There are 2 protein chains.
Amino acid sequence: MAYYKYHVFFCTNRREGGQPCCARLGGQEMRDYAKQRCKALGLTGPGGVRINSAGCLDRCGEGPVLVVYPEGVWYSYVDQEDIDEIIDSHLRGGTPVTRLVI
Amino acid sequence: MAYYKYHVFFCTNRREGGQPCCARLGGQEMRDYAKQRCKALGLTGPGGVRINSAGCLDRCGEGPVLVVYPEGVWYSYVDQEDIDEIIDSHLRGGTPVTRLVI
């Protein structure tokens with residue numbers, strides 16, 4: 001059995017020189033939001049959900065991105081509403097949010 | 001098909017106050033080493049291996065730790081020789097290193 005049912009990694013990498021990067025598009029703030037939201041919903045911990053920040057996931061042009069393991073479902077999101085939908089549908093309900101999958 | 005065949009996350013988190021943490025046990029250096037080693041071996045890129053740093057994976061007492069997704073195999077390692085064995089056996093050969101699995 002997986003140590004975490006859903007292990008979520010948000011790219012929070014910052015690239016210099018004006019290149020597109022997840023940090024500049026809210027990656028860190030959305031990771032912080034998802035972490036507190038999952039905690040408030042009682043989803044976190046072993047056997048449940050873990051929300052992590054990560055270095056560059058190397059899909060910068062599609063960012064901001066996150067990936068849900070062990071399923072390996074990748075998302076590109078825009079705002080907090082997208083994150084809420086991923087949490088509600090995927091992490092609580094088990095149904096990936098198709099419109100945001102990359 | 002998975003975007004990365006092996007997506008490896010090293011905990012590189014630093015905790016203050018003298019608590020055990022992966023950063024103090026070489027997590028960042030071992031991640032940097034693994035990254036350059038996998039690159040030198042030509043293992044990296046989509047369809048191959050991606051080596052990432054990550055925030056606290058919350059297995060501090062077993063650290064330093066890394067996890068290989070999508071398989072969800074967790075390792076505790078000590079030194080560069082352990083990392084070499086994980087790269088050679090698991091990431092190149094497809095066989096997890098049982099003695100290091102947690």
# chains A, B, ... in the order shown; residues from 1 in each chain; ligands from 1
$ residues_around --residues "segment 14-20 of chain B" --least-positions-apart "4" --cutoff "7 Å" --atoms "only C-alpha atoms" --output "list in words"
Arg24, Cys60 and Gly61 of chain B
$ interface_residues --of "chain B" --to "chain A" --cutoff "7 Å" --atoms "only C-alpha atoms" --output "ChimeraX atom specification"
/B:2,52-55,69-72
$ residues_around --residues "Lys35 of chain B" --least-positions-apart "3" --cutoff "9 Å" --atoms "only C-alpha atoms" --output "PDB file with N, CA and C atoms, in the first residue's frame"
ATOM      1  N   MET B  30      23.216  14.990  -1.921  1.00  0.00           N
ATOM      2  CA  MET B  30      22.948  13.711  -2.574  1.00  0.00           C
ATOM      3  C   MET B  30      21.991  13.893  -3.750  1.00  0.00           C
ATOM      4  N   ARG B  31      21.066  14.818  -3.631  1.00  0.00           N
ATOM      5  CA  ARG B  31      20.182  15.131  -4.774  1.00  0.00           C
ATOM      6  C   ARG B  31      21.007  15.711  -5.914  1.00  0.00           C
ATOM      7  N   ASP B  32      21.906  16.641  -5.592  1.00  0.00           N
ATOM      8  CA  ASP B  32      22.745  17.244  -6.637  1.00  0.00           C
ATOM      9  C   ASP B  32      23.609  16.174  -7.305  1.00  0.00           C
ATOM     10  N   CYS B  38      22.799  10.936 -13.094  1.00  0.00           N
ATOM     11  CA  CYS B  38      21.787  10.461 -14.047  1.00  0.00           C
ATOM     12  C   CYS B  38      21.926  11.160 -15.390  1.00  0.00           C
ATOM     13  N   LYS B  39      22.284  12.433 -15.348  1.00  0.00           N
ATOM     14  CA  LYS B  39      22.496  13.176 -16.593  1.00  0.00           C
ATOM     15  C   LYS B  39      23.696  12.600 -17.355  1.00  0.00           C
ATOM     16  N   ALA B  40      24.774  12.342 -16.621  1.00  0.00           N
ATOM     17  CA  ALA B  40      25.977  11.791 -17.251  1.00  0.00           C
ATOM     18  C   ALA B  40      25.710  10.425 -17.871  1.00  0.00           C
ATOM     19  N   THR B  44      18.199  10.957 -18.175  1.00  0.00           N
ATOM     20  CA  THR B  44      17.230  12.002 -17.848  1.00  0.00           C
ATOM     21  C   THR B  44      16.334  12.394 -19.024  1.00  0.00           C
ATOM     22  N   ARG B  50      13.754  11.760 -13.801  1.00  0.00           N
ATOM     23  CA  ARG B  50      13.813  13.142 -13.347  1.00  0.00           C
ATOM     24  C   ARG B  50      14.167  13.130 -11.863  1.00  0.00           C
ATOM     25  N   ILE B  51      15.196  13.867 -11.510  1.00  0.00           N
ATOM     26  CA  ILE B  51      15.630  13.965 -10.114  1.00  0.00           C
ATOM     27  C   ILE B  51      15.211  15.315  -9.572  1.00  0.00           C
ATOM     28  N   ASN B  52      14.408  15.339  -8.541  1.00  0.00           N
ATOM     29  CA  ASN B  52      13.897  16.585  -7.967  1.00  0.00           C
ATOM     30  C   ASN B  52      14.228  16.726  -6.496  1.00  0.00           C
TER      31      ASN B  52
END
$ select_by_dssp --residues "chain B" --states "helix (DSSP H, G or I)" --output "ChimeraX atom specification"
/B:27-40,60-62,80-92,98-100
$ residues_around --residues "Ile87 of chain B" --least-positions-apart "3" --cutoff "10 Å" --atoms "only C-alpha atoms" --output "list in words"
Ala34, Arg37, Cys38, Leu41, Leu43, Val49, Glu81, Asp82, Ile83, Asp84, His90, Leu91, Arg92, Gly93, Gly94, Thr95, Pro96 and Val97 of chain B
$ atom_distance --atom1 "atom CA of Tyr33 of chain B" --atom2 "atom CA of Leu66 of chain B"
13.4 Å
$ atom_distance --atom1 "atom CA of Leu100 of chain A" --atom2 "atom CA of Asp88 of chain A"
13.6 Å
$ residues_around --residues "Cys22 of chain B" --least-positions-apart "6" --cutoff "6 Å" --atoms "only C-alpha atoms" --output "PyMOL selection string"
chain B and resi 12-13+63-64
$ write_last_selection --atoms "N, CA and C atoms" --output "compact mmCIF listing (two decimals), in the first residue's frame"
# COMPACT_ATOMS: atom_id res chain seq x y z
N THR B 12 14.85 17.62 0.87
CA THR B 12 16.00 18.49 1.15
C THR B 12 15.61 19.50 2.22
N ASN B 13 14.62 19.14 3.01
CA ASN B 13 14.10 20.09 4.00
C ASN B 13 15.06 20.25 5.18
N GLY B 63 15.05 9.65 7.93
CA GLY B 63 15.84 10.34 6.93
C GLY B 63 17.33 10.05 7.01
N PRO B 64 18.05 10.42 5.94
CA PRO B 64 17.52 11.10 4.76
C PRO B 64 16.75 10.14 3.86
$ atom_distance --atom1 "atom CA of Gly27 of chain B" --atom2 "atom CA of Ser89 of chain B"
20.0 Å
$ select_by_dssp --residues "chain A" --states "strand (DSSP E or B)" --output "ChimeraX atom specification"
/A:6-11,44,49-54,65-69,73-76,101
$ write_last_selection --atoms "C-alpha atoms" --output "compact mmCIF listing (two decimals), in the first residue's frame"
# COMPACT_ATOMS: atom_id res chain seq x y z
CA TYR A 6 -2.16 11.01 -2.97
CA HIS A 7 1.28 12.58 -2.91
CA VAL A 8 1.00 15.97 -4.57
CA PHE A 9 3.99 17.98 -5.77
CA PHE A 10 3.66 21.62 -6.72
CA CYS A 11 6.45 23.09 -8.77
CA THR A 44 -3.63 14.77 5.37
CA VAL A 49 -2.89 13.27 1.22
CA ARG A 50 0.52 14.95 1.35
CA ILE A 51 1.03 18.33 -0.28
CA ASN A 52 4.65 19.12 -1.14
CA SER A 53 6.62 21.83 -2.80
CA ALA A 54 9.19 20.69 -5.34
CA VAL A 65 1.98 22.63 -12.84
CA LEU A 66 1.47 20.01 -10.16
CA VAL A 67 1.58 16.23 -10.28
CA VAL A 68 -0.40 13.71 -8.23
CA TYR A 69 1.43 10.45 -7.48
CA VAL A 73 -1.72 12.73 -13.13
CA TRP A 74 -0.34 16.13 -14.18
CA TYR A 75 -2.29 19.35 -13.90
CA SER A 76 -1.95 22.88 -15.13
CA VAL A 101 -5.03 17.51 -16.98
